[in-house]
>>> print(open('query.cif').read())   # mmCIF, C-alpha atoms and all ligand atoms
data_coords
loop_
_atom_site.label_atom_id
_atom_site.label_comp_id
_atom_site.auth_asym_id
_atom_site.auth_seq_id
_atom_site.Cartn_x
_atom_site.Cartn_y
_atom_site.Cartn_z
CA MET A 1 -41.04 -1.06 -19.45
CA ILE A 2 -41.28 2.60 -20.29
CA TYR A 3 -44.64 4.26 -20.77
CA LYS A 4 -43.47 7.85 -21.16
CA ARG A 5 -45.21 8.57 -24.42
CA SER A 6 -48.42 6.79 -23.40
CA SER A 7 -48.52 8.90 -20.22
CA ALA A 8 -47.97 12.11 -22.19
CA LEU A 9 -50.66 11.18 -24.72
CA PHE A 10 -53.06 10.35 -21.90
CA ALA A 11 -52.46 13.74 -20.28
CA GLU A 12 -53.30 15.43 -23.60
CA ALA A 13 -56.37 13.25 -24.09
CA GLU A 14 -57.70 14.06 -20.62
CA LYS A 15 -57.98 17.72 -21.60
CA VAL A 16 -60.45 17.06 -24.40
CA ILE A 17 -62.01 13.63 -23.79
CA PRO A 18 -63.78 12.83 -20.48
CA GLY A 19 -61.31 10.71 -18.48
CA GLY A 20 -59.08 10.63 -21.56
CA VAL A 21 -60.94 7.65 -23.02
CA ASN A 22 -63.95 6.91 -25.20
CA SER A 23 -65.06 3.90 -23.13
CA PRO A 24 -64.59 3.83 -19.33
CA VAL A 25 -62.88 0.47 -18.73
CA ARG A 26 -59.94 1.59 -20.87
CA ALA A 27 -59.01 4.17 -18.23
CA PHE A 28 -57.25 1.77 -15.78
CA LYS A 29 -59.53 3.04 -12.97
CA GLY A 30 -59.76 -0.43 -11.48
CA VAL A 31 -56.01 -1.08 -11.48
CA GLY A 32 -54.44 2.39 -11.25
CA GLY A 33 -51.81 3.88 -13.53
CA THR A 34 -52.22 5.36 -16.98
CA PRO A 35 -53.59 3.52 -20.01
CA ILE A 36 -51.34 2.22 -22.75
CA PHE A 37 -51.76 3.98 -26.10
CA VAL A 38 -51.64 1.55 -29.00
CA LYS A 39 -49.73 2.48 -32.12
CA GLU A 40 -50.39 -0.64 -34.11
CA ALA A 41 -51.09 -4.33 -33.79
CA LYS A 42 -50.33 -7.44 -35.79
CA GLY A 43 -51.36 -11.03 -35.08
CA ALA A 44 -51.19 -11.70 -31.35
CA TYR A 45 -49.21 -8.56 -30.51
CA LEU A 46 -49.88 -4.94 -29.67
CA TYR A 47 -47.15 -2.35 -30.21
CA ASP A 48 -47.56 0.72 -28.03
CA GLU A 49 -46.49 4.32 -28.56
CA ASP A 50 -43.32 3.74 -26.50
CA GLY A 51 -42.22 0.87 -28.71
CA ASN A 52 -43.13 -1.91 -26.24
CA ARG A 53 -44.47 -5.19 -27.60
CA LEU A 54 -47.34 -6.73 -25.63
CA ILE A 55 -48.98 -10.13 -26.06
CA ASP A 56 -52.66 -9.23 -26.31
CA TYR A 57 -55.27 -11.15 -24.30
CA ILE A 58 -58.02 -8.56 -24.79
CA ASN A 59 -58.15 -8.69 -28.55
CA SER A 60 -60.44 -5.68 -28.81
CA TRP A 61 -62.65 -7.32 -26.15
CA GLY A 62 -63.27 -10.37 -28.27
CA PRO A 63 -63.45 -9.88 -32.01
CA MET A 64 -59.84 -10.47 -33.11
CA ILE A 65 -60.26 -14.26 -33.18
CA LEU A 66 -57.90 -14.47 -36.16
CA GLY A 67 -55.45 -11.91 -34.78
CA HIS A 68 -54.89 -8.23 -35.44
CA ALA A 69 -54.61 -6.82 -38.95
CA HIS A 70 -55.48 -10.22 -40.40
CA LYS A 71 -54.67 -9.88 -44.10
CA PRO A 72 -57.95 -11.09 -45.68
CA VAL A 73 -59.91 -8.75 -43.39
CA VAL A 74 -57.66 -5.76 -44.08
CA ASP A 75 -57.67 -6.43 -47.83
CA ALA A 76 -61.47 -6.64 -47.89
CA VAL A 77 -61.81 -3.30 -46.10
CA VAL A 78 -59.23 -1.52 -48.27
CA GLU A 79 -60.84 -2.78 -51.45
CA LYS A 80 -64.29 -1.66 -50.35
CA ALA A 81 -63.10 1.74 -49.10
CA GLN A 82 -61.91 2.62 -52.57
CA LYS A 83 -65.46 2.23 -53.85
CA GLY A 84 -67.15 4.53 -51.32
CA THR A 85 -67.55 4.36 -47.57
CA SER A 86 -71.28 4.79 -46.97
CA PHE A 87 -74.39 5.11 -49.12
CA GLY A 88 -77.40 4.68 -46.85
CA MET A 89 -78.72 2.44 -49.64
CA PRO A 90 -78.84 -1.35 -49.98
CA THR A 91 -75.70 -3.17 -51.13
CA GLU A 92 -75.25 -6.79 -52.19
CA ILE A 93 -72.66 -7.56 -49.52
CA GLU A 94 -75.31 -7.07 -46.78
CA THR A 95 -77.28 -10.01 -48.19
CA LYS A 96 -74.10 -12.09 -48.56
CA ILE A 97 -73.10 -11.75 -44.90
CA ALA A 98 -76.73 -12.21 -43.80
CA GLU A 99 -76.97 -15.46 -45.80
CA LEU A 100 -73.74 -16.71 -44.30
CA ALA A 101 -74.74 -15.80 -40.73
CA VAL A 102 -78.16 -17.45 -41.17
CA SER A 103 -76.44 -20.61 -42.45
CA MET A 104 -73.99 -20.73 -39.52
CA VAL A 105 -76.25 -19.85 -36.57
CA PRO A 106 -79.05 -22.23 -35.52
CA ASN A 107 -82.72 -21.18 -35.27
CA ILE A 108 -82.55 -17.90 -37.17
CA ASP A 109 -84.19 -17.00 -40.49
CA LYS A 110 -83.40 -13.31 -40.69
CA ILE A 111 -80.79 -10.97 -39.29
CA ARG A 112 -80.67 -7.18 -38.98
CA PHE A 113 -77.33 -5.37 -38.80
CA VAL A 114 -76.70 -2.44 -36.46
CA ASN A 115 -73.55 -0.65 -35.31
CA SER A 116 -72.76 -2.00 -31.84
CA GLY A 117 -73.63 -4.68 -29.32
CA THR A 118 -75.53 -2.07 -27.33
CA GLU A 119 -77.80 -1.35 -30.28
CA ALA A 120 -78.30 -5.06 -30.94
CA CYS A 121 -79.43 -5.82 -27.37
CA MET A 122 -81.52 -2.67 -27.04
CA SER A 123 -83.32 -3.44 -30.30
CA ALA A 124 -83.78 -7.11 -29.40
CA VAL A 125 -85.58 -6.19 -26.19
CA ARG A 126 -87.77 -3.67 -28.03
CA LEU A 127 -88.63 -6.35 -30.58
CA ALA A 128 -89.46 -8.83 -27.81
CA ARG A 129 -91.72 -6.27 -26.15
CA GLY A 130 -93.40 -5.43 -29.44
CA PHE A 131 -93.87 -9.10 -30.30
CA THR A 132 -95.28 -10.18 -26.94
CA GLY A 133 -97.10 -6.98 -26.01
CA LYS A 134 -95.52 -7.12 -22.53
CA ASP A 135 -93.24 -4.52 -20.87
CA LYS A 136 -90.95 -6.09 -18.30
CA PHE A 137 -87.83 -8.11 -18.88
CA ILE A 138 -85.37 -10.08 -16.78
CA LYS A 139 -81.63 -9.59 -16.88
CA PHE A 140 -78.99 -11.17 -14.68
CA ALA A 141 -76.87 -9.28 -12.16
CA GLY A 142 -73.35 -8.95 -13.56
CA CYS A 143 -74.35 -9.55 -17.18
CA TYR A 144 -73.66 -6.62 -19.49
CA HIS A 145 -75.75 -5.92 -22.55
CA GLY A 146 -74.43 -2.47 -23.47
CA HIS A 147 -75.09 0.95 -22.05
CA SER A 148 -78.72 1.44 -23.08
CA ASP A 149 -80.72 2.81 -20.10
CA SER A 150 -82.74 -0.26 -19.24
CA PHE A 151 -79.60 -2.44 -18.97
CA LEU A 152 -77.67 -0.23 -16.56
CA ILE A 153 -79.24 -1.89 -13.60
CA GLN A 154 -76.37 -3.53 -11.77
CA ALA A 155 -74.51 -4.08 -15.01
CA GLY A 156 -71.16 -5.85 -15.23
CA SER A 157 -68.09 -4.64 -17.12
CA GLY A 158 -66.99 -1.03 -16.52
CA ALA A 159 -70.00 -0.31 -14.34
CA SER A 160 -69.02 -2.98 -11.79
CA THR A 161 -65.37 -2.03 -11.91
CA PHE A 162 -66.40 1.38 -10.66
CA GLY A 163 -68.78 -0.01 -8.06
CA THR A 164 -71.62 2.14 -9.43
CA PRO A 165 -73.99 -0.34 -10.93
CA ASN A 166 -76.89 2.07 -11.27
CA SER A 167 -76.00 5.07 -13.41
CA PRO A 168 -77.49 8.48 -12.70
CA GLY A 169 -79.53 9.49 -15.72
CA VAL A 170 -81.46 6.22 -15.81
CA THR A 171 -84.97 7.07 -14.64
CA GLN A 172 -86.98 5.12 -12.09
CA GLY A 173 -89.62 4.74 -14.79
CA THR A 174 -87.15 2.85 -16.96
CA ALA A 175 -85.61 0.87 -14.11
CA LYS A 176 -88.93 -0.48 -12.87
CA ASP A 177 -89.36 -2.63 -15.99
CA THR A 178 -85.96 -4.31 -15.59
CA LEU A 179 -86.10 -7.27 -13.21
CA LEU A 180 -82.79 -8.54 -11.86
CA ALA A 181 -82.10 -12.22 -11.38
CA LYS A 182 -79.12 -14.09 -10.01
CA TYR A 183 -76.97 -15.84 -12.64
CA ASN A 184 -77.11 -19.65 -12.41
CA ASP A 185 -80.06 -19.53 -9.98
CA ILE A 186 -83.14 -20.92 -11.71
CA ASP A 187 -85.33 -20.72 -8.57
CA ASN A 188 -84.68 -17.02 -8.45
CA VAL A 189 -85.84 -16.65 -12.06
CA ARG A 190 -88.91 -18.78 -11.39
CA ALA A 191 -89.87 -16.61 -8.41
CA LEU A 192 -89.51 -13.42 -10.47
CA ILE A 193 -91.72 -14.85 -13.20
CA GLN A 194 -94.36 -15.87 -10.68
CA ALA A 195 -94.33 -12.46 -9.02
CA ASN A 196 -94.76 -10.75 -12.41
CA LYS A 197 -97.16 -13.14 -14.07
CA ASP A 198 -97.99 -12.27 -17.70
CA GLU A 199 -95.91 -9.08 -17.57
CA ILE A 200 -92.53 -10.34 -18.75
CA ALA A 201 -91.65 -10.02 -22.44
CA CYS A 202 -88.22 -11.62 -22.38
CA VAL A 203 -85.24 -12.89 -20.46
CA ILE A 204 -81.87 -11.68 -21.77
CA ILE A 205 -78.73 -13.56 -20.80
CA GLU A 206 -75.08 -13.97 -21.72
CA PRO A 207 -75.16 -17.77 -22.20
CA VAL A 208 -71.58 -17.77 -20.94
CA ALA A 209 -71.15 -14.65 -18.83
CA GLY A 210 -68.11 -12.67 -19.88
CA ASN A 211 -68.56 -9.39 -18.06
CA MET A 212 -67.97 -10.53 -14.49
CA GLY A 213 -64.95 -12.53 -15.55
CA CYS A 214 -65.86 -15.68 -17.41
CA ILE A 215 -68.70 -17.58 -15.74
CA PRO A 216 -70.05 -20.75 -17.33
CA PRO A 217 -73.71 -21.65 -17.01
CA LYS A 218 -74.22 -24.50 -14.53
CA ASP A 219 -75.28 -27.83 -16.03
CA GLY A 220 -78.96 -27.65 -16.93
CA PHE A 221 -79.35 -23.94 -16.14
CA LEU A 222 -79.85 -22.77 -19.72
CA GLN A 223 -82.22 -25.66 -20.48
CA SER A 224 -84.31 -24.86 -17.38
CA LEU A 225 -84.37 -21.23 -18.44
CA ARG A 226 -85.52 -22.27 -21.92
CA ASP A 227 -88.29 -24.40 -20.41
CA LEU A 228 -89.45 -21.68 -18.02
CA CYS A 229 -89.58 -19.14 -20.87
CA SER A 230 -91.56 -21.49 -23.13
CA GLU A 231 -94.04 -22.33 -20.36
CA ASN A 232 -94.70 -18.63 -19.69
CA ASP A 233 -94.75 -17.18 -23.24
CA ILE A 234 -91.54 -15.31 -22.56
CA LEU A 235 -88.92 -14.90 -25.29
CA LEU A 236 -85.40 -16.06 -24.49
CA ILE A 237 -82.70 -13.71 -25.79
CA PHE A 238 -79.13 -14.95 -25.97
CA ASP A 239 -76.69 -12.07 -25.94
CA GLU A 240 -73.93 -13.69 -27.98
CA VAL A 241 -71.91 -10.51 -28.44
CA MET A 242 -68.91 -12.34 -26.95
CA THR A 243 -69.83 -15.98 -27.54
CA GLY A 244 -71.20 -15.73 -31.09
CA PHE A 245 -68.83 -17.11 -33.76
CA ARG A 246 -66.31 -17.67 -30.93
CA LEU A 247 -67.44 -20.71 -28.94
CA SER A 248 -68.43 -22.51 -32.11
CA LYS A 249 -69.66 -21.63 -35.61
CA GLY A 250 -73.18 -21.36 -34.23
CA GLY A 251 -72.14 -19.81 -30.91
CA ALA A 252 -73.50 -20.83 -27.51
CA GLN A 253 -76.82 -22.06 -28.96
CA GLU A 254 -74.86 -24.73 -30.84
CA LEU A 255 -72.39 -25.47 -28.03
CA PHE A 256 -75.11 -26.09 -25.42
CA ASN A 257 -77.79 -27.23 -27.86
CA ILE A 258 -80.34 -24.70 -26.59
CA LYS A 259 -82.69 -22.73 -28.84
CA ALA A 260 -82.90 -19.01 -28.17
CA ASP A 261 -85.74 -16.93 -29.62
CA ILE A 262 -83.60 -13.90 -30.43
CA VAL A 263 -79.81 -13.83 -30.68
CA CYS A 264 -77.65 -10.70 -30.41
CA PHE A 265 -74.22 -10.29 -31.93
CA GLY A 266 -71.56 -7.59 -31.83
CA LYS A 267 -67.93 -6.92 -32.58
CA VAL A 268 -67.01 -10.46 -33.78
CA ILE A 269 -69.51 -10.28 -36.63
CA GLY A 270 -67.82 -7.07 -37.81
CA GLY A 271 -64.27 -8.44 -37.75
CA GLY A 272 -63.32 -5.54 -35.47
CA LEU A 273 -65.31 -2.83 -37.22
CA PRO A 274 -68.29 -1.24 -35.47
CA VAL A 275 -71.02 -3.80 -36.09
CA GLY A 276 -73.76 -5.51 -34.14
CA ALA A 277 -76.72 -7.61 -35.25
CA PHE A 278 -79.81 -9.33 -33.93
CA ALA A 279 -81.52 -12.30 -35.45
CA ALA A 280 -84.53 -14.57 -34.95
CA ARG A 281 -86.99 -16.75 -36.82
CA ASN A 282 -89.33 -15.12 -39.37
CA GLU A 283 -92.34 -14.97 -37.08
CA ILE A 284 -90.42 -12.59 -34.78
CA MET A 285 -88.23 -10.71 -37.28
CA ASN A 286 -91.21 -9.86 -39.49
CA HIS A 287 -92.45 -7.58 -36.69
CA LEU A 288 -89.62 -5.17 -37.49
CA ALA A 289 -90.06 -2.06 -39.62
CA PRO A 290 -90.57 -1.81 -42.56
CA LEU A 291 -92.41 -5.18 -42.49
CA GLY A 292 -93.98 -4.69 -39.09
CA PRO A 293 -94.67 -2.03 -36.46
CA VAL A 294 -91.53 -2.29 -34.27
CA TYR A 295 -89.26 0.59 -35.30
CA GLN A 296 -85.51 0.24 -35.60
CA ALA A 297 -83.13 2.02 -37.99
CA GLY A 298 -79.57 3.27 -38.64
CA THR A 299 -77.83 5.49 -41.20
CA LEU A 300 -74.61 3.51 -41.00
CA SER A 301 -76.19 0.10 -40.43
CA GLY A 302 -74.91 -2.42 -42.95
CA ASN A 303 -72.02 -0.08 -43.73
CA PRO A 304 -69.99 -1.49 -46.63
CA LEU A 305 -66.60 -1.42 -44.86
CA ALA A 306 -68.01 -3.10 -41.78
CA MET A 307 -69.82 -5.72 -43.87
CA ALA A 308 -66.64 -6.43 -45.85
CA ALA A 309 -64.59 -6.96 -42.68
CA GLY A 310 -67.32 -9.08 -41.13
CA LEU A 311 -67.82 -11.21 -44.21
CA ALA A 312 -64.07 -11.86 -44.55
CA MET A 313 -63.87 -12.79 -40.89
CA ILE A 314 -66.87 -15.10 -40.55
CA SER A 315 -66.19 -16.72 -43.95
CA GLU A 316 -62.80 -17.77 -42.64
CA LEU A 317 -64.33 -19.08 -39.40
CA ASN A 318 -66.87 -20.99 -41.48
CA ASN A 319 -64.28 -22.49 -43.81
CA ASP A 320 -61.70 -23.53 -41.21
CA SER A 321 -63.09 -26.73 -39.74
CA GLU A 322 -60.33 -26.89 -37.10
CA ILE A 323 -60.38 -23.36 -35.75
CA PHE A 324 -62.61 -23.83 -32.73
CA THR A 325 -60.76 -27.01 -31.70
CA ARG A 326 -57.46 -25.16 -32.06
CA LEU A 327 -58.67 -22.20 -30.00
CA GLU A 328 -59.97 -24.49 -27.27
CA ALA A 329 -56.70 -26.46 -27.18
CA LYS A 330 -54.64 -23.29 -26.81
CA THR A 331 -56.89 -21.97 -24.06
CA LYS A 332 -56.79 -25.29 -22.20
CA TYR A 333 -53.00 -25.28 -22.41
CA LEU A 334 -52.91 -21.76 -20.98
CA HIS A 335 -55.43 -22.70 -18.28
CA GLU A 336 -53.38 -25.69 -17.14
CA GLY A 337 -50.14 -23.71 -17.26
CA ILE A 338 -51.53 -20.84 -15.19
CA ALA A 339 -53.16 -23.20 -12.67
CA LYS A 340 -49.84 -25.02 -12.21
CA VAL A 341 -47.67 -21.96 -11.59
CA LEU A 342 -50.22 -20.25 -9.34
CA ALA A 343 -50.55 -23.43 -7.26
CA GLU A 344 -46.77 -23.84 -7.05
CA ASN A 345 -46.56 -20.28 -5.75
CA ASN A 346 -49.42 -20.82 -3.26
CA VAL A 347 -51.60 -18.15 -4.85
CA VAL A 348 -55.27 -18.63 -3.97
CA HIS A 349 -57.20 -18.65 -7.23
CA THR A 350 -60.06 -20.01 -9.33
CA ILE A 351 -59.86 -20.23 -13.10
CA ASN A 352 -63.02 -20.32 -15.21
CA ARG A 353 -62.93 -21.25 -18.87
CA VAL A 354 -65.32 -22.03 -21.70
CA GLY A 355 -63.81 -22.55 -25.15
CA SER A 356 -61.50 -19.62 -25.81
CA MET A 357 -62.83 -17.44 -22.97
CA ILE A 358 -60.95 -17.62 -19.69
CA SER A 359 -60.53 -15.63 -16.48
CA VAL A 360 -58.47 -15.86 -13.32
CA HIS A 361 -60.18 -14.96 -10.02
CA PHE A 362 -58.12 -14.43 -6.89
CA ASP A 363 -60.42 -16.22 -4.51
CA GLU A 364 -61.09 -19.77 -3.39
CA GLY A 365 -64.27 -21.57 -4.30
CA ALA A 366 -66.50 -21.61 -7.32
CA VAL A 367 -67.18 -18.32 -9.09
CA THR A 368 -70.72 -18.76 -10.36
CA ASP A 369 -72.43 -15.37 -10.20
CA PHE A 370 -71.89 -11.66 -9.59
CA ASP A 371 -71.52 -12.00 -5.81
CA THR A 372 -68.88 -14.72 -5.98
CA ALA A 373 -67.10 -12.81 -8.77
CA ALA A 374 -67.05 -9.68 -6.60
CA ASN A 375 -65.41 -11.63 -3.74
CA GLY A 376 -62.12 -11.79 -5.65
CA ASN A 377 -59.14 -9.99 -4.15
CA ASN A 378 -58.81 -6.81 -6.18
CA GLU A 379 -55.49 -5.81 -4.61
CA THR A 380 -53.96 -9.09 -5.79
CA PHE A 381 -55.48 -8.51 -9.21
CA LYS A 382 -53.90 -5.05 -9.46
CA THR A 383 -50.43 -6.40 -8.65
CA PHE A 384 -50.99 -9.27 -11.07
CA PHE A 385 -52.10 -6.93 -13.86
CA HIS A 386 -49.19 -4.50 -13.50
CA GLY A 387 -46.70 -7.32 -13.04
CA LEU A 388 -47.84 -8.92 -16.29
CA LEU A 389 -47.78 -5.60 -18.10
CA GLY A 390 -44.16 -5.20 -17.01
CA GLU A 391 -43.45 -8.61 -18.55
CA GLY A 392 -45.09 -7.66 -21.85
CA VAL A 393 -48.41 -9.46 -21.34
CA TYR A 394 -51.58 -7.39 -21.65
CA ILE A 395 -54.74 -8.61 -19.95
CA ALA A 396 -57.88 -6.53 -19.37
CA PRO A 397 -57.38 -3.83 -16.73
CA SER A 398 -60.22 -5.15 -14.59
CA ALA A 399 -60.90 -8.32 -12.61
CA PHE A 400 -64.42 -8.32 -14.08
CA GLU A 401 -63.28 -9.00 -17.62
CA THR A 402 -62.60 -12.14 -19.61
CA TRP A 403 -59.40 -12.92 -21.51
CA PHE A 404 -59.96 -13.76 -25.18
CA ILE A 405 -57.65 -16.16 -26.95
CA THR A 406 -56.76 -15.55 -30.56
CA ASP A 407 -55.71 -18.11 -33.11
CA ALA A 408 -52.66 -15.94 -33.83
CA LEU A 409 -51.16 -16.94 -30.44
CA THR A 410 -48.41 -19.55 -30.73
CA TYR A 411 -47.51 -22.10 -28.08
CA GLU A 412 -44.30 -20.09 -27.58
CA ASP A 413 -46.46 -17.07 -26.73
CA LEU A 414 -48.44 -19.18 -24.28
CA ASP A 415 -45.24 -20.51 -22.66
CA PHE A 416 -43.91 -16.96 -22.43
CA THR A 417 -47.17 -15.92 -20.72
CA ILE A 418 -47.08 -18.82 -18.26
CA ALA A 419 -43.44 -18.02 -17.40
CA ALA A 420 -44.40 -14.36 -16.88
CA ILE A 421 -47.24 -15.42 -14.57
CA ASP A 422 -44.84 -17.64 -12.63
CA LYS A 423 -42.54 -14.66 -12.12
CA VAL A 424 -45.38 -12.32 -11.12
CA ALA A 425 -46.93 -14.97 -8.82
CA LYS A 426 -43.81 -14.81 -6.65
CA THR A 427 -44.63 -11.17 -5.88
CA LEU A 428 -48.31 -11.72 -4.97
N1 LIG B 1 -73.27 -7.54 -24.76
C1 LIG B 1 -72.16 -8.12 -24.31
C2 LIG B 1 -72.23 -9.53 -23.83
C3 LIG B 1 -70.96 -7.41 -24.30
O1 LIG B 1 -69.86 -8.01 -23.83
C4 LIG B 1 -70.93 -6.09 -24.79
C5 LIG B 1 -69.67 -5.26 -24.82
N2 LIG B 1 -68.57 -5.78 -24.27
C6 LIG B 1 -72.13 -5.52 -25.25
C7 LIG B 1 -73.28 -6.28 -25.24
C8 LIG B 1 -72.16 -4.12 -25.78
O2 LIG B 1 -71.49 -4.05 -26.98
P1 LIG B 1 -70.89 -2.66 -27.51
O3 LIG B 1 -69.80 -2.30 -26.59
O4 LIG B 1 -70.44 -2.98 -28.89
O5 LIG B 1 -72.00 -1.68 -27.51
#
>>> encode(input="query.cif", output="structure tokens")
Amino acid sequence: MIYKRSSALFAEAEKVIPGGVNSPVRAFKGVGGTPIFVKEAKGAYLYDEDGNRLIDYINSWGPMILGHAHKPVVDAVVEKAQKGTSFGMPTEIETKIAELAVSMVPNIDKIRFVNSGTEACMSAVRLARGFTGKDKFIKFAGCYHGHSDSFLIQAGSGASTFGTPNSPGVTQGTAKDTLLAKYNDIDNVRALIQANKDEIACVIIEPVAGNMGCIPPKDGFLQSLRDLCSENDILLIFDEVMTGFRLSKGGAQELFNIKADIVCFGKVIGGGLPVGAFAARNEIMNHLAPLGPVYQAGTLSGNPLAMAAGLAMISELNNDSEIFTRLEAKTKYLHEGIAKVLAENNVVHTINRVGSMISVHFDEGAVTDFDTAANGNNETFKTFFHGLLGEGVYIAPSAFETWFITDALTYEDLDFTIAAIDKVAKTL
């Protein structure tokens, strides 16, 4: 494939945008080469500036569950845009999407909309601290909750790709209140709670980790975490930025039948527009300004275009009783196809999958936490990534990312992908 125009555009971008990108993982640092510039996208396909067609397994890092430029979503945005793009005043559509979200997601009474997953998680932790009157919180190594200071303590995603988990600019004062636990290791969490008795406001977790590849929670882990939190007056925050409205209508809470105290959403709930949200039962949400003392605000929060896209998107997910089964079936088919061709080509690998989230690790043995995820062979991943790109299949340019399956993918697309992997596997 030719990437002449993408390379030229990247060179121009580098002059005026740090690293040529507005979010680090886009820069191909982990895999080498220059990023692909997208011209447009439709359904399951990206079309780049050089005219190449790529089957998209990133899907804007999760939200395009129904495919790119999905007509009802586009129509809703266009219609709204003609009536004004931002007011900083209440609009009816905010209540409509809030009502729908509250009806779909278990254990929440109220929801507040923000502009990104980062804002949602940052605000959720502030709310938990305000509600409990405690300062510290636990996060898990390799989980990513956005780029707010207190989360950049061995974060996953771009930060792990670069091998610089602790960012300069985050003060020791901030870092000391973030306690790091090992994913899937309940004894480790218990020990942290004991060592910081009565000081921990909340535990925040990706109920299925998606930022160190896809890592499922071990059987019983989330329930034990729930129990530990309840026993110690600690709030449990599920960061469902990736899993919300994707693993089921009610997200991971519904899939695993575990009650979180606060739930965070992002991207999916905005149908691809810049949206995030956090939600909880009344007792907790009523602590937020203007009802309560915990401050949180946003000029563009509840923006009409974003609400229109989000409402169109989650309405369709709510009305299509088969969608999550269909997504899971497609992902399972892909999983089995990839496993078969990699095994036939003697490529050492582990595949993790939950619902429509999947990742391929080039290592033997279970991948259950950040350390086992980091054991993967990055050189093999680089060859795999560039080989697939050459075949017209676009996966995330980092071994620490999850592939997201969209309903727009056909079984022909999946067969094409499996055949491409078979071809690339012969070169690994
Ligand atoms: N939480 C999780 C689980 C995420 O995957 C992400 C982003 N990928 C975020 C939070 C941050 O969201 P945003 O990039 O919209 O700020």
>>> residues_around(input="query.cif", residues="Lys197 of chain A", least_positions_apart="3", cutoff="12 Å", atoms="only C-alpha atoms", output="PDB file with C-alpha atoms, in the frame of the given file")
ATOM      1  CA  LYS A 134     -95.520  -7.120 -22.530  1.00  0.00           C
ATOM      2  CA  ASP A 135     -93.240  -4.520 -20.870  1.00  0.00           C
ATOM      3  CA  LYS A 136     -90.950  -6.090 -18.300  1.00  0.00           C
ATOM      4  CA  PHE A 137     -87.830  -8.110 -18.880  1.00  0.00           C
ATOM      5  CA  ARG A 190     -88.910 -18.780 -11.390  1.00  0.00           C
ATOM      6  CA  ALA A 191     -89.870 -16.610  -8.410  1.00  0.00           C
ATOM      7  CA  LEU A 192     -89.510 -13.420 -10.470  1.00  0.00           C
ATOM      8  CA  ILE A 193     -91.720 -14.850 -13.200  1.00  0.00           C
ATOM      9  CA  GLN A 194     -94.360 -15.870 -10.680  1.00  0.00           C
ATOM     10  CA  ILE A 200     -92.530 -10.340 -18.750  1.00  0.00           C
ATOM     11  CA  ALA A 201     -91.650 -10.020 -22.440  1.00  0.00           C
ATOM     12  CA  CYS A 229     -89.580 -19.140 -20.870  1.00  0.00           C
ATOM     13  CA  GLU A 231     -94.040 -22.330 -20.360  1.00  0.00           C
ATOM     14  CA  ASN A 232     -94.700 -18.630 -19.690  1.00  0.00           C
ATOM     15  CA  ASP A 233     -94.750 -17.180 -23.240  1.00  0.00           C
ATOM     16  CA  ILE A 234     -91.540 -15.310 -22.560  1.00  0.00           C
TER      17      ILE A 234
END
>>> residues_around(input="query.cif", residues="Ala13 of chain A", least_positions_apart="4", cutoff="12 Å", atoms="all atoms listed in the file", output="list of chain:residue names")
A:Ser6, A:Ser7, A:Ala8, A:Leu9, A:Ile17, A:Pro18, A:Gly19, A:Gly20, A:Val21, A:Asn22, A:Ala27, A:Thr34, A:Pro35, A:Phe37
>>> closest_residue(input="query.cif", among="A:Lys80, A:Lys39, A:His145, A:Lys4", to="ligand LIG 1 (chain B)", atoms="all atoms listed in the file")
A:His145
>>> closest_residue(input="query.cif", among="A:Ile395, A:Val77, A:Val16, A:Leu235", to="Gly130 of chain A", atoms="only C-alpha atoms")
A:Leu235
>>> closest_residue(input="query.cif", among="A:Glu199, A:Glu99, A:Glu94, A:Glu206", to="ligand LIG 1 (chain B)", atoms="all atoms listed in the file")
A:Glu206
>>> closest_residue(input="query.cif", among="A:Val424, A:Leu152, A:Ile36, A:Met307", to="Thr178 of chain A", atoms="all atoms listed in the file")
A:Leu152
>>> closest_residue(input="query.cif", among="A:Phe381, A:Phe324, A:Tyr144, A:Phe256", to="Gly32 of chain A", atoms="only C-alpha atoms")
A:Phe381
>>> residues_near_ligand(input="query.cif", ligand="ligand LIG 1 (chain B)", cutoff="8 Å", atoms="all atoms listed in the file", output="MDAnalysis selection string")
chainID A and resid 61 115:121 143:147 157 206 209:211 239:243 264:267 274:276
>>> closest_residue(input="query.cif", among="A:Ala312, A:Met285, A:Ile405, A:Leu255", to="Glu328 of chain A", atoms="all atoms listed in the file")
A:Ile405
>>> atom_distance(input="query.cif", atom1="atom CA of Leu300 of chain A", atom2="atom CA of Pro72 of chain A")
22.6 Å
>>> residues_around(input="query.cif", residues="Asn378 of chain A", least_positions_apart="3", cutoff="9 Å", atoms="all atoms listed in the file", output="count of residues only")
10
>>> atom_distance(input="query.cif", atom1="atom CA of Tyr45 of chain A", atom2="atom CA of His70 of chain A")
11.8 Å
>>> atom_distance(input="query.cif", atom1="atom CA of Gly272 of chain A", atom2="atom CA of Asp320 of chain A")
19.0 Å
>>> residues_around(input="query.cif", residues="Thr325 of chain A", least_positions_apart="2", cutoff="12 Å", atoms="all atoms listed in the file", output="list in words")
Arg246, Leu247, Ser248, Lys249, Leu317, Asp320, Ser321, Glu322, Ile323, Leu327, Glu328, Ala329, Lys330, Thr331, Lys332, Gly355, Ser356 and Asp407 of chain A
>>> residues_around(input="query.cif", residues="Gln296 of chain A", least_positions_apart="4", cutoff="8 Å", atoms="all atoms listed in the file", output="PyMOL selection string")
chain A and resi 123+288-289
>>> residues_near_point(input="query.cif", point="(-66.5, -11.8, -16.5)", cutoff="10 Å", atoms="only C-alpha atoms", output="ChimeraX atom specification")
/A:142-144,156-157,208-216,352,357-361,367,369-370,373,398-403
